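Enquirer: For reference, the structure I am asking about is given below.
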Amino acid sequence: MNNFWDKWIQRADKLSSAMPEARELLAFYSRLLGTQREIYDYLRSRKGWLPSGSLAYDLTVVRAVWPKLLGSLQSNSPDALASEARALLEASDAEVAEMLIEYWRAPGDDQFFAKSFLQPYARWLADAGIRPSGRNLEASENRCPFCQGKPQVAFLKIDEPGAEVGTRKLMCSLCLSPWTFRRVVCANCKEERATQLGYYQAEQIGHVRIEVCETCKHYIKAVDLTKLGFAVPMVEEVATAALDLWARERGYTKIEMNLVGL
């Protein structure tokens with residue numbers, strides 16, 4: 001499973017060198033991924049322990065690596081974020097538990113610290129095949145079938161050898177699991193009318209595009225792995241901040257902000 005995190009980190013580092021306009025964002029994301037990998041490895045390597053799927057119950061174990069995330073962010077983040085990390089290091093166990101459990105039950109993409117910390121835990125649940133519990137979310141085809149999280153990014157991938165077109169998949173913003181989703185459908189409101197759906201693609205970033213919906217005015221980025229097979233959807237999503245600016249200037253709202261706040 002280390003290969004999962006390593007692949008993302010290596011891609012972020014490579015793009016950081018190739019895309020100077022996104023270097024700062026990618027350097028931050030690479031460091032964050034490294035810390036998340038350490039959290040995941042800690043949880044995975046616990047002898048005699050498997051998560052229950054209930055964060056409230058598992059928190060006695062999971063909470064032990066909370067200072068690791070905050071310490072890393074305190075040292076390697078912009079001033080405002082580092083200041084928040086310092087304040088959270090001084091928070092009581094009860095305050096931290098309340099914050100994490102609140103996000104688990106009703107996630108929001110503005111809850112950076114909880115989302116960053118719980119992604120490795122949710123990923124370990126998915127890898128271990130242990131269903132999460134205590135999340136007050138409704139199941140839907142445009143939500144992760146494992147944890148009901150919102151999609152962070154879409155991507156096209158050839159699933160069957162010889163297939164002429166790629167299968168559209170969405171990737172969960174929490175447990176990072178992919179699932180198959182219909183191609184010409186809004187990933188937010190499930191609008192199906194082609195006249196209400198649009199796309200934008202920058203010429204210099206040919207394998208990533210913005211998918212917009214005129215009905216709900218939301219958007220998601222889509223990475224075409226049939227054009228660039230070694231791309232990493234979640235990393236490309238962070239690297240293409242210019243596309244987010246294009247969408248926001250035109251009044252669209254992202255379905256789920258990423259961990260760099262875009």
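We label chains A, B, ... in the order they appear in the structure tokens, count residues from 1 in each chain, and number ligands from 1 in the order shown.
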Could you name the residues that touch Ala12 in chain A at 8 Å or less, counting only C-alpha atoms, but leaving out those on the same chain fewer than 2 positions away, as a PyMOL selection string?
Expert: chain A and resi 8-10+14-16+26-27+29-30+235+239
Enquirer: Where in range 20-89 of chain A does DSSP assign helix (DSSP H, G or I), given as a PyMOL selection string?
Expert: chain A and resi 20-44+55-75+79-89
Enquirer: Which residues are near Tyr252 in chain A? Cut-off 6 Å, only C-alpha atoms, ignore same chain within fewer than 3 positions. Put them as a ChimeraX atom specification.
Expert: /A:217-218,247-248
Enquirer: Could you dump the residues just selected with C-alpha atoms as a PDB file, in the first residue's frame?
Expert:
```
ATOM      1  CA  LYS A 217     -23.781  25.830 -11.358  1.00  0.00           C
ATOM      2  CA  HIS A 218     -21.290  23.327  -9.938  1.00  0.00           C
ATOM      3  CA  ALA A 247     -14.585  28.311 -13.261  1.00  0.00           C
ATOM      4  CA  ARG A 248     -14.968  30.620 -10.274  1.00  0.00           C
TER       5      ARG A 248
END
```
Enquirer: Could you tell me which of A:Lys68, A:Arg209, A:Arg44, A:Arg143 comes closest to Phe113 in chain A if we count only C-alpha atoms?
Expert: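 Of the candidates, the smallest distance to Phe113 in chain A is held by A:Lys68.
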Enquirer: Would you kindly return, as a CSV table (one decimal) with C-alpha atoms, in the first residue's frame, each protein, DNA or RNA residue with an atom no farther than 9 Å from any atom of range 171-177 of chain A, considering only C-alpha atoms and excluding same-chain residues fewer than 3 positions away?
Expert:
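The new file selection-v4.csv reads:
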```csv
chain,number,residue,atom,x,y,z
A,109,ASP,CA,-14.7,20.8,2.5
A,115,LYS,CA,-10.3,16.1,6.4
A,116,SER,CA,-6.5,15.9,6.1
A,118,LEU,CA,-9.1,11.4,8.5
A,119,GLN,CA,-8.4,10.6,4.8
A,120,PRO,CA,-5.7,8.0,5.8
A,121,TYR,CA,-8.1,6.5,8.4
A,122,ALA,CA,-10.9,6.2,5.8
A,123,ARG,CA,-8.5,4.8,3.2
A,124,TRP,CA,-7.4,2.1,5.7
A,125,LEU,CA,-11.0,1.2,6.3
A,126,ALA,CA,-11.5,0.9,2.6
A,143,ARG,CA,-21.6,9.6,-3.7
A,144,CYS,CA,-19.0,7.1,-2.8
A,145,PRO,CA,-20.6,3.7,-2.4
A,146,PHE,CA,-18.2,2.9,0.4
A,147,CYS,CA,-18.4,6.0,2.7
A,148,GLN,CA,-20.9,8.3,0.9
A,149,GLY,CA,-18.3,11.0,0.5
A,150,LYS,CA,-18.5,13.6,-2.3
A,151,PRO,CA,-16.4,13.2,-5.4
A,152,GLN,CA,-13.2,15.2,-5.5
A,153,VAL,CA,-12.3,14.5,-9.1
A,154,ALA,CA,-13.5,12.6,-12.1
A,155,PHE,CA,-11.3,10.6,-14.5
A,233,PRO,CA,-6.1,12.3,-10.9
A,234,MET,CA,-5.9,13.8,-7.4
A,256,GLU,CA,-15.6,19.6,-3.2
A,257,MET,CA,-12.7,21.8,-2.6
A,258,ASN,CA,-9.3,20.1,-2.4
```
Enquirer: Taking into account only C-alpha atoms, which residue in the set A:Leu245, A:Ile205, A:Leu156, A:Cys216 is nearest to Phe181 in chain A?
Expert: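 Distance minimum relative to Phe181 in chain A lands on A:Leu156.
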